[in-house]
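Quick notes on the structure that follows.
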Amino acid sequence: MMKNALIILSGLCMLLTGSLACKTNSMTIPNTNMETNNSDTMSSQLKIRIGTKTFTATLLNNQATTAFKARLPMTVSMSELNGNEKLYRFPTNLPTSSSNPGTIHTGDLMLYGSNTLVLFYQSFPTPYSYTKLGRIDDPAGLAAAVGSGSVTVTFE
């Protein structure tokens, strides 16, 4: 019995020694982004040109954004609505995954329904549902850039 225990112990020591000998000094840095499997994870950049001002937006990773990016680059005339948003109606529908955000934030880029692109230049609470596409990283000056009335906007 003692001989079997020594053989097992000896085997375990050899296994442990062998695994330590194979260890390398390379370090693996774990992915600490807990949202990597979330379909709305931020994933790509978009430039939005309004007059002489250029804004950078970070887009989400979802089906609507993929369909939106497939249409880029595009220059469109966006109409004024409610003193807080500019909108453009696509001639064809995009996929949707709408929900009520509760609050719209300045710089939000969203899809209302399945074909209306909305760029918000004021923050406010909302009862409506939207599909989120992304958000302007630094929306300072956005309201001044879009002005009142229709505005030409380039997305690229």
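Chain lettering (A, B, ...) mirrors the order of the structure tokens, residue numbering begins at 1 for each chain separately, and ligand numbering begins at 1 in order of display.
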
Next on the checklist: Could you list, as a PyMOL selection string, every residue within 9 Å of Thr65 (chain A), counting only C-alpha atoms and ignoring same-chain residues fewer than 3 positions away?
Outcome noted: chain A and resi 59-62+68-70+94-95+132-134

Take the residues from that selection and write them out as a CSV table (one decimal), in the first residue's frame, keeping C-alpha atoms.
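The result, written out as result.csv:
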```
chain,number,residue,atom,x,y,z
A,59,LEU,CA,-20.9,53.8,-33.1
A,60,LEU,CA,-22.5,50.8,-31.4
A,61,ASN,CA,-22.1,47.3,-32.8
A,62,ASN,CA,-25.7,46.3,-33.8
A,68,PHE,CA,-26.2,52.5,-41.6
A,69,LYS,CA,-22.4,52.1,-42.2
A,70,ALA,CA,-23.1,50.3,-45.4
A,94,LEU,CA,-32.9,49.6,-41.6
A,95,PRO,CA,-33.1,46.8,-39.1
A,132,LYS,CA,-29.4,53.5,-30.8
A,133,LEU,CA,-26.7,53.9,-33.4
A,134,GLY,CA,-24.0,55.9,-31.5
```

Could you pull out the strand (DSSP E or B) residues of region 45-156 of chain A from DSSP and send them as a JSON list (two decimals) with N, CA, C and O atoms, in the first residue's frame?
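Dumped to out-v7.json:
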```
[["chain", "number", "residue", "atom", "x", "y", "z"],
["A", 45, "GLN", "N", -15.62, 54.31, -35.20],
["A", 45, "GLN", "CA", -15.71, 55.77, -35.23],
["A", 45, "GLN", "C", -16.39, 56.24, -36.52],
["A", 45, "GLN", "O", -16.31, 55.60, -37.55],
["A", 46, "LEU", "N", -17.04, 57.40, -36.40],
["A", 46, "LEU", "CA", -17.73, 58.02, -37.51],
["A", 46, "LEU", "C", -17.41, 59.50, -37.47],
["A", 46, "LEU", "O", -17.41, 60.10, -36.40],
["A", 47, "LYS", "N", -17.15, 60.09, -38.62],
["A", 47, "LYS", "CA", -16.96, 61.54, -38.70],
["A", 47, "LYS", "C", -18.26, 62.14, -39.20],
["A", 47, "LYS", "O", -18.86, 61.66, -40.17],
["A", 48, "ILE", "N", -18.68, 63.21, -38.53],
["A", 48, "ILE", "CA", -19.90, 63.93, -38.90],
["A", 48, "ILE", "C", -19.50, 65.37, -39.18],
["A", 48, "ILE", "O", -19.03, 66.07, -38.29],
["A", 49, "ARG", "N", -19.64, 65.78, -40.45],
["A", 49, "ARG", "CA", -19.28, 67.14, -40.85],
["A", 49, "ARG", "C", -20.54, 67.98, -41.02],
["A", 49, "ARG", "O", -21.45, 67.60, -41.76],
["A", 50, "ILE", "N", -20.56, 69.11, -40.32],
["A", 50, "ILE", "CA", -21.67, 70.06, -40.42],
["A", 50, "ILE", "C", -21.03, 71.42, -40.67],
["A", 50, "ILE", "O", -20.40, 71.98, -39.78],
["A", 53, "LYS", "N", -17.47, 72.51, -39.19],
["A", 53, "LYS", "CA", -17.23, 71.79, -37.94],
["A", 53, "LYS", "C", -17.30, 70.28, -38.17],
["A", 53, "LYS", "O", -18.21, 69.80, -38.85],
["A", 54, "THR", "N", -16.33, 69.54, -37.64],
["A", 54, "THR", "CA", -16.33, 68.08, -37.73],
["A", 54, "THR", "C", -16.39, 67.49, -36.34],
["A", 54, "THR", "O", -15.63, 67.88, -35.45],
["A", 55, "PHE", "N", -17.31, 66.56, -36.15],
["A", 55, "PHE", "CA", -17.48, 65.85, -34.88],
["A", 55, "PHE", "C", -17.11, 64.38, -35.09],
["A", 55, "PHE", "O", -17.29, 63.85, -36.19],
["A", 56, "THR", "N", -16.62, 63.76, -34.05],
["A", 56, "THR", "CA", -16.35, 62.32, -34.08],
["A", 56, "THR", "C", -17.38, 61.63, -33.21],
["A", 56, "THR", "O", -17.62, 62.06, -32.08],
["A", 57, "ALA", "N", -17.96, 60.59, -33.75],
["A", 57, "ALA", "CA", -18.95, 59.81, -33.00],
["A", 57, "ALA", "C", -18.44, 58.38, -32.86],
["A", 57, "ALA", "O", -17.74, 57.87, -33.73],
["A", 58, "THR", "N", -18.81, 57.75, -31.77],
["A", 58, "THR", "CA", -18.52, 56.34, -31.57],
["A", 58, "THR", "C", -19.81, 55.58, -31.83],
["A", 58, "THR", "O", -20.85, 55.90, -31.25],
["A", 59, "LEU", "N", -19.73, 54.61, -32.73],
["A", 59, "LEU", "CA", -20.90, 53.83, -33.11],
["A", 59, "LEU", "C", -21.01, 52.56, -32.29],
["A", 59, "LEU", "O", -20.00, 51.99, -31.86],
["A", 60, "LEU", "N", -22.23, 52.11, -32.13],
["A", 60, "LEU", "CA", -22.49, 50.84, -31.45],
["A", 60, "LEU", "C", -22.37, 49.70, -32.45],
["A", 60, "LEU", "O", -22.41, 49.91, -33.67],
["A", 74, "MET", "N", -22.15, 59.44, -46.86],
["A", 74, "MET", "CA", -23.36, 60.05, -47.40],
["A", 74, "MET", "C", -23.48, 61.49, -46.90],
["A", 74, "MET", "O", -23.09, 61.81, -45.79],
["A", 75, "THR", "N", -23.98, 62.32, -47.77],
["A", 75, "THR", "CA", -24.28, 63.71, -47.43],
["A", 75, "THR", "C", -25.77, 63.89, -47.63],
["A", 75, "THR", "O", -26.30, 63.59, -48.71],
["A", 76, "VAL", "N", -26.44, 64.37, -46.56],
["A", 76, "VAL", "CA", -27.90, 64.48, -46.59],
["A", 76, "VAL", "C", -28.33, 65.82, -46.02],
["A", 76, "VAL", "O", -27.61, 66.46, -45.26],
["A", 77, "SER", "N", -29.52, 66.22, -46.41],
["A", 77, "SER", "CA", -30.15, 67.40, -45.83],
["A", 77, "SER", "C", -31.03, 66.91, -44.69],
["A", 77, "SER", "O", -31.93, 66.09, -44.90],
["A", 78, "MET", "N", -30.74, 67.39, -43.48],
["A", 78, "MET", "CA", -31.50, 66.98, -42.30],
["A", 78, "MET", "C", -32.46, 68.10, -41.91],
["A", 78, "MET", "O", -32.06, 69.27, -41.83],
["A", 79, "SER", "N", -33.71, 67.74, -41.71],
["A", 79, "SER", "CA", -34.76, 68.70, -41.34],
["A", 79, "SER", "C", -34.79, 68.93, -39.85],
["A", 79, "SER", "O", -34.43, 68.05, -39.06],
["A", 80, "GLU", "N", -35.29, 70.08, -39.46],
["A", 80, "GLU", "CA", -35.46, 70.45, -38.04],
["A", 80, "GLU", "C", -36.75, 69.82, -37.49],
["A", 80, "GLU", "O", -37.75, 69.73, -38.20],
["A", 81, "LEU", "N", -36.69, 69.41, -36.23],
["A", 81, "LEU", "CA", -37.89, 68.93, -35.55],
["A", 81, "LEU", "C", -37.80, 69.27, -34.07],
["A", 81, "LEU", "O", -36.80, 68.94, -33.41],
["A", 85, "GLU", "N", -33.69, 68.38, -32.44],
["A", 85, "GLU", "CA", -33.19, 67.28, -33.27],
["A", 85, "GLU", "C", -33.23, 67.61, -34.74],
["A", 85, "GLU", "O", -34.03, 68.43, -35.19],
["A", 86, "LYS", "N", -32.35, 66.94, -35.49],
["A", 86, "LYS", "CA", -32.35, 66.99, -36.95],
["A", 86, "LYS", "C", -32.65, 65.58, -37.43],
["A", 86, "LYS", "O", -32.20, 64.59, -36.83],
["A", 87, "LEU", "N", -33.42, 65.47, -38.51],
["A", 87, "LEU", "CA", -33.77, 64.14, -39.00],
["A", 87, "LEU", "C", -33.62, 64.02, -40.50],
["A", 87, "LEU", "O", -33.67, 65.01, -41.22],
["A", 88, "TYR", "N", -33.41, 62.78, -40.92],
["A", 88, "TYR", "CA", -33.33, 62.43, -42.34],
["A", 88, "TYR", "C", -34.05, 61.10, -42.51],
["A", 88, "TYR", "O", -33.82, 60.16, -41.74],
["A", 89, "ARG", "N", -34.91, 61.02, -43.53],
["A", 89, "ARG", "CA", -35.64, 59.78, -43.79],
["A", 89, "ARG", "C", -34.97, 59.02, -44.94],
["A", 89, "ARG", "O", -34.87, 59.52, -46.06],
["A", 99, "SER", "N", -35.89, 50.71, -28.18],
["A", 99, "SER", "CA", -36.24, 50.73, -26.76],
["A", 99, "SER", "C", -36.30, 52.18, -26.33],
["A", 99, "SER", "O", -35.78, 53.06, -27.01],
["A", 103, "THR", "N", -33.94, 59.17, -21.42],
["A", 103, "THR", "CA", -33.40, 60.51, -21.66],
["A", 103, "THR", "C", -32.58, 60.50, -22.93],
["A", 103, "THR", "O", -31.74, 59.62, -23.14],
["A", 104, "ILE", "N", -32.83, 61.49, -23.76],
["A", 104, "ILE", "CA", -32.02, 61.73, -24.95],
["A", 104, "ILE", "C", -30.89, 62.64, -24.50],
["A", 104, "ILE", "O", -31.11, 63.59, -23.76],
["A", 108, "ASP", "N", -26.64, 62.29, -29.30],
["A", 108, "ASP", "CA", -27.13, 60.94, -29.60],
["A", 108, "ASP", "C", -27.49, 60.84, -31.08],
["A", 108, "ASP", "O", -28.09, 61.75, -31.66],
["A", 109, "LEU", "N", -27.11, 59.73, -31.69],
["A", 109, "LEU", "CA", -27.46, 59.42, -33.08],
["A", 109, "LEU", "C", -28.31, 58.16, -33.03],
["A", 109, "LEU", "O", -27.83, 57.11, -32.56],
["A", 110, "MET", "N", -29.56, 58.28, -33.45],
["A", 110, "MET", "CA", -30.50, 57.17, -33.30],
["A", 110, "MET", "C", -31.36, 57.00, -34.54],
["A", 110, "MET", "O", -31.41, 57.87, -35.40],
["A", 111, "LEU", "N", -32.05, 55.90, -34.57],
["A", 111, "LEU", "CA", -32.99, 55.59, -35.62],
["A", 111, "LEU", "C", -34.38, 55.58, -35.00],
["A", 111, "LEU", "O", -34.62, 54.88, -34.01],
["A", 112, "TYR", "N", -35.29, 56.41, -35.55],
["A", 112, "TYR", "CA", -36.68, 56.41, -35.09],
["A", 112, "TYR", "C", -37.48, 55.61, -36.11],
["A", 112, "TYR", "O", -37.36, 55.85, -37.32],
["A", 116, "THR", "N", -35.86, 56.56, -40.07],
["A", 116, "THR", "CA", -35.60, 57.97, -39.78],
["A", 116, "THR", "C", -34.36, 58.11, -38.91],
["A", 116, "THR", "O", -34.35, 57.72, -37.74],
["A", 117, "LEU", "N", -33.32, 58.67, -39.50],
["A", 117, "LEU", "CA", -32.07, 58.95, -38.80],
["A", 117, "LEU", "C", -32.25, 60.24, -38.03],
["A", 117, "LEU", "O", -32.69, 61.25, -38.60],
["A", 118, "VAL", "N", -31.91, 60.22, -36.73],
["A", 118, "VAL", "CA", -32.10, 61.41, -35.89],
["A", 118, "VAL", "C", -30.79, 61.75, -35.19],
["A", 118, "VAL", "O", -30.16, 60.89, -34.57],
["A", 119, "LEU", "N", -30.39, 63.01, -35.30],
["A", 119, "LEU", "CA", -29.23, 63.53, -34.59],
["A", 119, "LEU", "C", -29.76, 64.56, -33.59],
["A", 119, "LEU", "O", -30.33, 65.58, -33.98],
["A", 120, "PHE", "N", -29.59, 64.27, -32.31],
["A", 120, "PHE", "CA", -30.12, 65.15, -31.26],
["A", 120, "PHE", "C", -29.07, 66.17, -30.85],
["A", 120, "PHE", "O", -27.92, 65.82, -30.61],
["A", 124, "PHE", "N", -33.06, 65.87, -23.33],
["A", 124, "PHE", "CA", -34.42, 65.97, -22.81],
["A", 124, "PHE", "C", -34.96, 64.58, -22.51],
["A", 124, "PHE", "O", -34.49, 63.59, -23.08],
["A", 125, "PRO", "N", -35.96, 64.47, -21.63],
["A", 125, "PRO", "CA", -36.59, 63.17, -21.38],
["A", 125, "PRO", "C", -37.53, 62.84, -22.55],
["A", 125, "PRO", "O", -38.08, 63.74, -23.18],
["A", 130, "TYR", "N", -36.34, 54.32, -29.61],
["A", 130, "TYR", "CA", -35.38, 54.50, -30.69],
["A", 130, "TYR", "C", -34.44, 53.30, -30.75],
["A", 130, "TYR", "O", -34.26, 52.61, -29.76],
["A", 131, "THR", "N", -33.80, 53.14, -31.89],
["A", 131, "THR", "CA", -32.70, 52.19, -32.02],
["A", 131, "THR", "C", -31.42, 53.02, -31.95],
["A", 131, "THR", "O", -31.21, 53.91, -32.78],
["A", 132, "LYS", "N", -30.58, 52.73, -30.97],
["A", 132, "LYS", "CA", -29.35, 53.50, -30.80],
["A", 132, "LYS", "C", -28.33, 53.12, -31.86],
["A", 132, "LYS", "O", -28.08, 51.94, -32.10],
["A", 133, "LEU", "N", -27.73, 54.12, -32.46],
["A", 133, "LEU", "CA", -26.66, 53.91, -33.44],
["A", 133, "LEU", "C", -25.31, 54.31, -32.86],
["A", 133, "LEU", "O", -24.30, 53.68, -33.14],
["A", 134, "GLY", "N", -25.28, 55.37, -32.07],
["A", 134, "GLY", "CA", -24.03, 55.85, -31.50],
["A", 134, "GLY", "C", -24.22, 57.21, -30.86],
["A", 134, "GLY", "O", -25.35, 57.66, -30.66],
["A", 135, "ARG", "N", -23.09, 57.87, -30.60],
["A", 135, "ARG", "CA", -23.14, 59.16, -29.92],
["A", 135, "ARG", "C", -21.89, 59.96, -30.27],
["A", 135, "ARG", "O", -20.79, 59.41, -30.36],
["A", 136, "ILE", "N", -22.06, 61.26, -30.45],
["A", 136, "ILE", "CA", -20.93, 62.16, -30.68],
["A", 136, "ILE", "C", -20.10, 62.20, -29.40],
["A", 136, "ILE", "O", -20.64, 62.39, -28.31],
["A", 151, "VAL", "N", -30.25, 71.47, -42.43],
["A", 151, "VAL", "CA", -28.79, 71.58, -42.45],
["A", 151, "VAL", "C", -28.23, 70.40, -43.27],
["A", 151, "VAL", "O", -28.79, 69.31, -43.25],
["A", 152, "THR", "N", -27.15, 70.66, -43.98],
["A", 152, "THR", "CA", -26.48, 69.59, -44.73],
["A", 152, "THR", "C", -25.44, 68.94, -43.82],
["A", 152, "THR", "O", -24.61, 69.63, -43.23],
["A", 153, "VAL", "N", -25.50, 67.61, -43.73],
["A", 153, "VAL", "CA", -24.62, 66.86, -42.85],
["A", 153, "VAL", "C", -23.96, 65.74, -43.65],
["A", 153, "VAL", "O", -24.64, 65.03, -44.41],
["A", 154, "THR", "N", -22.67, 65.60, -43.48],
["A", 154, "THR", "CA", -21.93, 64.51, -44.12],
["A", 154, "THR", "C", -21.51, 63.51, -43.05],
["A", 154, "THR", "O", -20.90, 63.87, -42.05],
["A", 155, "PHE", "N", -21.85, 62.25, -43.29],
["A", 155, "PHE", "CA", -21.46, 61.14, -42.41],
["A", 155, "PHE", "C", -20.45, 60.30, -43.18],
["A", 155, "PHE", "O", -20.70, 59.88, -44.30]]
```

Item to check | Filtered DSSP result for region 107-147 of chain A, state alpha helix (DSSP H), as a VMD selection string | outcome: chain A and resid 142 to 146

Item to check | Residue among A:Ser44, A:Thr66, A:Glu156, A:Gly51 lying closest to Leu142 (chain A), counting only C-alpha atoms | outcome: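 When distances to Leu142 (chain A) are compared using only C-alpha atoms, the smallest one comes from A:Gly51.
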
Next on the checklist: Between CA of His105 (chain A) and CA of Asn93 (chain A), what distance in Å does the model show, to one decimal?
Outcome noted: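 Rounded to one decimal, the two atoms are 24.2 Å apart.
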
Checklist entry - Taking into account only C-alpha atoms, which residue in the set A:Thr96, A:Pro101, A:Gly141, A:Gln122 is nearest to Gly83 (chain A)? => result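 Closest to Gly83 (chain A), using only C-alpha atoms: A:Gln122.
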
Checklist entry - Rounded to one decimal in Å, what is the spacing between CA of Gly113 (chain A) and CA of Ser98 (chain A)? => result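 Here the two named atoms are 7.9 Å from each other.
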
Item to check | Computed interatomic separation between CA of Pro127 (chain A) and CA of Gly102 (chain A) (Å) | outcome: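 Result for CA of Pro127 (chain A) versus CA of Gly102 (chain A): 6.7 Å, one decimal.
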
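If only C-alpha atoms are the atoms counted, then among A:Thr92, A:Ser129, A:Gln63, A:Asn100 the closest residue to Asn115 (chain A) is A:Thr92.
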
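If you measure from each of A:Gly107, A:Pro91, A:Pro73, A:Gly149 to Asp137 (chain A) using only C-alpha atoms, the closest one turns out to be A:Gly107.
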